Amino acid sequence: MSGSGYLLEVEDLTVSFATRNGTVLANDGVSLNLRPGETLGIVGESGSGKSVLCRAILGLAKGKVTARRIAFDGRNIDEMQPAERRRLRGSGIAMVFQSPMSSIDPVWTIGDQLVETVRHHKAISRREARVEAAALLDRVGIASSARRLDDYPHQWSGGMLQRAMIALALAGNPRLILADEPTTALDVTIQDQILALLMSLQRESGMAMIMVSHDLGVIAETADRVAVMYAGRIVETADVRDLFQEPQHPYTAGLFASIVAGSGQDKMLMPIPGQPPDLHSLPAGCAFAPRCPRVRDNCHRTVPRVDTTVARGNACLFPLSEALAVEQRQ
Amino acid sequence: MKTEVATPGVLERIAREVGSWSFTLKLGLLLMTIIIFMAVFAPWVAPFDPELQDFDVILMPPDLTHLFGTDNLGRDIFSRVIYGARLDLSAGFLMTFVPMVYGVPIGAYAGYRGGWVDMVVGSVTNMAIAFPFLVMIIVVVAVIGPGINAIFISVFLLGWTMYARLARAEMMVERTKDYMLAARVLGYPTRIIVLRHGVPNTVASSVVFSMSDFTLNILLLSGLSFIGLGIQPPTPEWGAMIADGKEFILQAWWICTMPGLAIVLTGTALSLIGDGLARRLGSRHGSAG
Amino acid sequence: MLVARYVISRVLHTLPVLIGVTLFTFLAIQFVPGDPIRIMTRGHVSDAEVAAIYDRLGMNRPLAIQYGSFIVKAATGDLGESIIQNAPVSELVGEKIAPTMWLLGMGTFLSIIIALPLSLLAAAWPDSAFDHTVRTASMIGFAMPPFWIGLLLILGFGLHLGWLPISGYGDGFLGHFTHMILPGLTIAFFLAPILIQSLRASLLDALDADHIEVARSRGVPEWRIYLKHALRNALLPTLTVLSVNISWLVSGAVVVESVFALPGLGSLLIRSVGYRDYPLIQGLALVFAVIVVAVNLIADLCNGIIDRRVLRAT
């Protein structure tokens, strides 16, 4: 079954939560593919479902997860036994989380937690694991790694902790890293360092990466391909350059337009009109329709879906390229 | 037309409020109501005079006439337990809620003002909370003699501190909120801010704690009476009754057991209410959805 | 060193409590209606002798000096002299302190043995039948008066089943141990529910923390997450709860000593009230305060060991 060559295949993933006010679909029919060594960027605002997506891939999502298929390296992981799935965590797929300050246990040393993870994936002695832990800290750019092993998390800065978290993620030599807003909680100056670190680590180990962010700048720097999410659904996929130069979906276009544009005195803020969608009461039809400048009647009736069999797709009945074509015809 | 608007609203709100109460809360309130009812209407509920001695029926096991049996002086245990409820419940009530009345505002004020007021209140609070209460009461007993006054003096002097601490902690959170700032901007004097706005919003944890405190105070009173330094015989009080029954524990286990069960039942009812209140009041503090 | 600073800071924090307690006791005794010395000696001595006792005890000096002198002497271990029993208070305390410490120790030990596994299991399967049973039993146990439980245990285990000794202190380590089981258990009935409620709640809280999810993402097995990460984090608030409740523990111990006829400080205190032995009462108040304060200190130190962040905050 590994003939497809994809490292990760997600087909029609749906994650639902039962809330007091009804069922919410945090992810609705999400599909994506990832090749080895590739970086897929996932863009979306908060509530778009991108974090839930990462957790669902790892099997850590809190809601009800259904999918036609989730395959890692050709094997169906959604049908695995929990113990088997757990073995995959850290060694096959690892995750880097958003807020390093709260993501590392404060009552144990950094070294302790690294050793714990290393020994979990390899049957080696504590002393050997310490050596490896120090090596991991070296890899992520922490100086004096051997001494640092006995530090407690509260003694480190946010940037250093994020490096530690990356080290923890690398401990099992994963083939895929899920990075969920890894730089959002950090200072701007540190953000670049961490991104550079992630990318260099990726190059040297050949890992694939899914980079989740709401920051288009981060996506631009790191991604090969991009998927845009809105209201739990994927609305556009494309190579990063294509996406930035010629977005097809009105939402994507709106995202780019809402970045402060213009220079000098002409700087204008052009937010997307309307409110972010309430997942409890999504409109029938396209979720973006209430805010879309190009909306037509059909948009309220059908839910457009992205065709993931092609390299470039969008979930819009009247994508921007069509208008272009129409204009050109004229 | 007028009645349509006014009455259904209030009744409906009450019904909805009561409906939202958890089973725990309702059960606790039910038990407590029964206990209080029996205590209040003791003269009608109790079959016998609690101090009536009848040497024909001493040390009788529980039966249909004497539901809880009789003690070594022929007194009906059931009646004594009911009358004992009067004492333990009313004393426990005063011991709990009187200190709360001034403890919460003191704590709220200290939390609001900060500075040296807070430091003084904080030190006094820490001192009082750290010390074993029973030992303190015994010291007072040594000074003024056994009886319930010693307990009241100690509790009123020092029992407010736990409430002050709880209220202070909540106030530290509340005082950063906008409505507090708004009141200051509007020129409200401090005491109004603290009493009318601060206290109602900081009282939740104190109310929940008061249920445990009530239980602890009953245990305190009965414990003191048990060792002979509290309520003196022949007044029926649960702890004193247990002490009375100590020497007959082999022949007449019911003399000790029944008052103890009364304490357990009351304490459990109070804990149930406390749990239910915690859930009910906690939800107001929690997230919006 | 950070640890030393923390320890010193914690010790300094105990001073207000000790001062407060001794001041309270000292002032309270001043309120004794009538003449304390005459009360203590019950009129068995002549006026001249009473005056002499006053002089000897320095009770003619101004209050502040008396109090100051007591504090200074107490710091060196001299807790005054018991008129009634004609012996230094510290000596009397020394004789009786062991059973009390045994009781407190055994009570805490048994409480932890009972509370720890029950909380762990209850938090592992929240809202299960087991969980509800544990919580209900806790609630009922908390409402049980220690002296009552003590009597029932005596009745059950001691008199009917004859398994365990029911009074007195016993001889030798093993003797002490077996004699302390029932009294310790009595205290545990009260303390364990408090520990269970706190530990269970903090375990559930700890399991919600971000870093737990992160640990899962690293593939750490669930049991390890529970015991290594969640538990250690949950111990912190529980320790705080334990130290706040120490004073109730000591109060309960006084009563339990009476039930089981243990020759400890509690019994000494109760008897001294009967004799109106004020110097002894004053000394004992201080001793009890020191015990509570010492246990709090130990709890604080454990706090610092488990969570190093605490050390930084001094």
# chains A, B, ... in the order shown; residues from 1 in each chain; ligands from 1
call {"tool": "residues_around", "arguments": {"residues": "region 125-138 of chain A", "least_positions_apart": "6", "cutoff": "12 Å", "atoms": "only C-alpha atoms", "output": "VMD selection string"}}
result
chain A and resid 109 to 119 144 to 150 160 to 173 197 201
call {"tool": "write_last_selection", "arguments": {"atoms": "N, CA and C atoms", "output": "CSV table (one decimal), in the first residue's frame"}}
result
chain,number,residue,atom,x,y,z
A,109,THR,N,13.4,18.1,35.6
A,109,THR,CA,14.4,18.8,34.9
A,109,THR,C,14.3,18.5,33.4
A,110,ILE,N,14.9,19.4,32.6
A,110,ILE,CA,14.8,19.2,31.1
A,110,ILE,C,15.5,17.9,30.8
A,111,GLY,N,16.6,17.6,31.4
A,111,GLY,CA,17.3,16.4,31.0
A,111,GLY,C,16.5,15.2,31.3
A,112,ASP,N,15.8,15.2,32.5
A,112,ASP,CA,15.0,14.1,32.9
A,112,ASP,C,13.9,13.8,31.8
A,113,GLN,N,13.3,14.8,31.3
A,113,GLN,CA,12.2,14.6,30.3
A,113,GLN,C,12.8,14.2,29.0
A,114,LEU,N,14.0,14.7,28.7
A,114,LEU,CA,14.6,14.2,27.4
A,114,LEU,C,15.0,12.7,27.5
A,115,VAL,N,15.6,12.4,28.7
A,115,VAL,CA,16.0,11.0,28.9
A,115,VAL,C,14.8,10.1,28.8
A,116,GLU,N,13.7,10.6,29.5
A,116,GLU,CA,12.5,9.8,29.5
A,116,GLU,C,12.0,9.5,28.0
A,117,THR,N,12.0,10.5,27.2
A,117,THR,CA,11.6,10.3,25.8
A,117,THR,C,12.5,9.4,25.0
A,118,VAL,N,13.8,9.7,25.2
A,118,VAL,CA,14.8,8.9,24.5
A,118,VAL,C,14.7,7.4,24.8
A,119,ARG,N,14.6,7.2,26.1
A,119,ARG,CA,14.6,5.8,26.6
A,119,ARG,C,13.3,5.1,26.2
A,144,SER,N,26.4,24.6,26.1
A,144,SER,CA,26.8,23.9,27.4
A,144,SER,C,25.7,22.9,27.7
A,145,SER,N,25.4,22.0,26.7
A,145,SER,CA,24.3,21.1,26.9
A,145,SER,C,24.4,20.2,28.0
A,146,ALA,N,25.6,19.7,28.3
A,146,ALA,CA,25.7,18.7,29.4
A,146,ALA,C,25.2,19.3,30.7
A,147,ARG,N,25.7,20.5,31.0
A,147,ARG,CA,25.3,21.1,32.3
A,147,ARG,C,23.8,21.5,32.3
A,148,ARG,N,23.3,21.9,31.1
A,148,ARG,CA,21.9,22.4,31.0
A,148,ARG,C,20.9,21.3,31.3
A,149,LEU,N,21.3,20.0,31.2
A,149,LEU,CA,20.4,18.9,31.4
A,149,LEU,C,19.7,19.0,32.7
A,150,ASP,N,20.4,19.5,33.7
A,150,ASP,CA,19.9,19.5,35.1
A,150,ASP,C,19.1,20.8,35.4
A,160,MET,N,14.5,29.5,24.6
A,160,MET,CA,15.2,28.3,24.9
A,160,MET,C,14.3,27.1,25.1
A,161,LEU,N,13.2,27.4,25.7
A,161,LEU,CA,12.2,26.3,26.0
A,161,LEU,C,11.6,25.7,24.7
A,162,GLN,N,11.4,26.6,23.8
A,162,GLN,CA,10.9,26.1,22.5
A,162,GLN,C,12.0,25.2,21.8
A,163,ARG,N,13.2,25.6,22.0
A,163,ARG,CA,14.3,24.7,21.4
A,163,ARG,C,14.2,23.4,22.2
A,164,ALA,N,14.0,23.5,23.5
A,164,ALA,CA,13.9,22.2,24.2
A,164,ALA,C,12.8,21.4,23.7
A,165,MET,N,11.7,22.0,23.5
A,165,MET,CA,10.5,21.3,23.0
A,165,MET,C,10.8,20.6,21.6
A,166,ILE,N,11.6,21.3,20.8
A,166,ILE,CA,11.9,20.7,19.5
A,166,ILE,C,12.9,19.6,19.8
A,167,ALA,N,13.8,19.7,20.7
A,167,ALA,CA,14.6,18.6,21.0
A,167,ALA,C,13.8,17.4,21.5
A,168,LEU,N,12.8,17.6,22.3
A,168,LEU,CA,12.0,16.5,22.8
A,168,LEU,C,11.3,15.9,21.6
A,169,ALA,N,10.9,16.7,20.7
A,169,ALA,CA,10.2,16.2,19.5
A,169,ALA,C,11.1,15.3,18.6
A,170,LEU,N,12.4,15.7,18.6
A,170,LEU,CA,13.3,15.0,17.7
A,170,LEU,C,13.8,13.7,18.4
A,171,ALA,N,13.6,13.6,19.7
A,171,ALA,CA,14.2,12.5,20.4
A,171,ALA,C,14.0,11.1,19.8
A,172,GLY,N,12.9,11.0,19.2
A,172,GLY,CA,12.6,9.6,18.6
A,172,GLY,C,12.9,9.5,17.1
A,173,ASN,N,13.6,10.5,16.6
A,173,ASN,CA,13.9,10.5,15.2
A,173,ASN,C,12.6,10.4,14.3
A,197,LEU,N,15.9,27.3,12.7
A,197,LEU,CA,16.3,26.0,13.3
A,197,LEU,C,15.5,24.8,12.8
A,201,LEU,N,17.0,21.7,10.6
A,201,LEU,CA,16.8,20.4,11.1
A,201,LEU,C,16.1,19.5,10.1
call {"tool": "interface_residues", "arguments": {"of": "chain C", "to": "chain B", "cutoff": "7 Å", "atoms": "only C-alpha atoms", "output": "list in words"}}
result
Pro16, Val17, Gly20, Thr25, Ala28, Ile29, Phe31, Val32, Met139, Ile140, Ala143, Met144, Pro145, Trp148, Val244, Ser247, Trp248, Val250, Ser251, Val255, Val273, Arg276, Ile281, Ala285, Ala289 and Val292 of chain C
call {"tool": "select_by_dssp", "arguments": {"residues": "region 129-211 of chain A", "states": "helix (DSSP H, G or I)", "output": "PyMOL selection string"}}
result
chain A and resi 129-139+145-148+153-155+158-170+188-205
call {"tool": "interface_residues", "arguments": {"of": "chain A", "to": "chain B", "cutoff": "12 Å", "atoms": "only C-alpha atoms", "output": "list in words"}}
result
Thr19, Arg20 and Asn21 of chain A
call {"tool": "interface_residues", "arguments": {"of": "chain A", "to": "chain C", "cutoff": "6 Å", "atoms": "only C-alpha atoms", "output": "PDB file with N, CA and C atoms, in the first residue's frame"}}
result
ATOM      1  N   ARG A  86       0.245   4.645  19.873  1.00  0.00           N
ATOM      2  CA  ARG A  86       1.080   5.399  20.791  1.00  0.00           C
ATOM      3  C   ARG A  86       2.543   5.221  20.449  1.00  0.00           C
ATOM      4  N   ARG A  89       3.841   7.751  18.170  1.00  0.00           N
ATOM      5  CA  ARG A  89       4.022   9.129  18.619  1.00  0.00           C
ATOM      6  C   ARG A  89       5.448   9.346  19.072  1.00  0.00           C
ATOM      7  N   GLY A  90       6.053  10.359  18.558  1.00  0.00           N
ATOM      8  CA  GLY A  90       7.417  10.630  18.952  1.00  0.00           C
ATOM      9  C   GLY A  90       8.401   9.969  18.024  1.00  0.00           C
ATOM     10  N   SER A 102       4.231  26.451  29.041  1.00  0.00           N
ATOM     11  CA  SER A 102       3.325  25.546  29.743  1.00  0.00           C
ATOM     12  C   SER A 102       3.369  24.137  29.180  1.00  0.00           C
ATOM     13  N   SER A 103       4.236  23.899  28.202  1.00  0.00           N
ATOM     14  CA  SER A 103       4.222  22.594  27.560  1.00  0.00           C
ATOM     15  C   SER A 103       5.248  21.638  28.112  1.00  0.00           C
ATOM     16  N   ILE A 104       6.063  22.139  29.055  1.00  0.00           N
ATOM     17  CA  ILE A 104       7.057  21.230  29.633  1.00  0.00           C
ATOM     18  C   ILE A 104       6.773  21.128  31.123  1.00  0.00           C
ATOM     19  N   ASP A 105       6.822  19.927  31.642  1.00  0.00           N
ATOM     20  CA  ASP A 105       6.495  19.704  33.043  1.00  0.00           C
ATOM     21  C   ASP A 105       7.443  20.497  33.945  1.00  0.00           C
ATOM     22  N   VAL A 107       8.001  20.374  37.137  1.00  0.00           N
ATOM     23  CA  VAL A 107       8.616  19.783  38.328  1.00  0.00           C
ATOM     24  C   VAL A 107       9.746  18.808  38.026  1.00  0.00           C
TER      25      VAL A 107
END
call {"tool": "residues_around", "arguments": {"residues": "Gln232 (chain B)", "least_positions_apart": "5", "cutoff": "9 Å", "atoms": "only C-alpha atoms", "output": "VMD selection string"}}
result
chain B and resid 146 to 148 225 237 240
call {"tool": "write_last_selection", "arguments": {"atoms": "N, CA and C atoms", "output": "short mmCIF file (atom, residue, chain, number, x, y, z; two decimals), in the first residue's frame"}}
result
data_model
loop_
_atom_site.label_atom_id
_atom_site.label_comp_id
_atom_site.auth_asym_id
_atom_site.auth_seq_id
_atom_site.Cartn_x
_atom_site.Cartn_y
_atom_site.Cartn_z
N PRO B 146 -15.35 25.48 82.51
CA PRO B 146 -15.94 24.74 81.40
C PRO B 146 -17.33 25.27 81.04
N GLY B 147 -17.75 24.95 79.84
CA GLY B 147 -19.06 25.42 79.42
C GLY B 147 -18.97 25.97 78.02
N ILE B 148 -20.12 26.40 77.55
CA ILE B 148 -20.15 26.79 76.16
C ILE B 148 -19.55 28.17 75.94
N SER B 225 -17.11 18.67 74.78
CA SER B 225 -18.04 18.12 75.76
C SER B 225 -17.66 16.70 76.12
N GLU B 237 -26.34 16.81 75.01
CA GLU B 237 -25.52 17.28 73.89
C GLU B 237 -24.85 16.03 73.35
N ALA B 240 -21.41 14.98 74.79
CA ALA B 240 -21.50 14.61 76.20
C ALA B 240 -22.19 13.26 76.34
#
call {"tool": "select_by_dssp", "arguments": {"residues": "region 96-317 of chain A", "states": "strand (DSSP E or B)", "output": "ChimeraX atom specification"}}
result
/A:96,176-180,208-213,225-230,233-239,261,268,313-314
call {"tool": "closest_residue", "arguments": {"among": "B:Tyr179, B:Phe78, B:Tyr163, B:Phe55", "to": "Pro236 (chain B)", "atoms": "only C-alpha atoms"}}
result
B:Phe78
call {"tool": "residues_around", "arguments": {"residues": "region 211-222 of chain A", "least_positions_apart": "2", "cutoff": "6 Å", "atoms": "only C-alpha atoms", "output": "number ranges by chain"}}
result
A: 41-45, 179-181
call {"tool": "closest_residue", "arguments": {"among": "A:Ala61, A:Val30, A:Val10, A:Ala208", "to": "Ile177 (chain A)", "atoms": "only C-alpha atoms"}}
result
A:Ala208
call {"tool": "atom_distance", "arguments": {"atom1": "CA of Arg38 (chain C)", "atom2": "CA of Ala150 (chain B)"}}
result
21.9 Å
call {"tool": "closest_residue", "arguments": {"among": "C:Ala192, C:Ala234, C:Leu204, C:Ile37", "to": "Tyr54 (chain C)", "atoms": "only C-alpha atoms"}}
result
C:Ile37
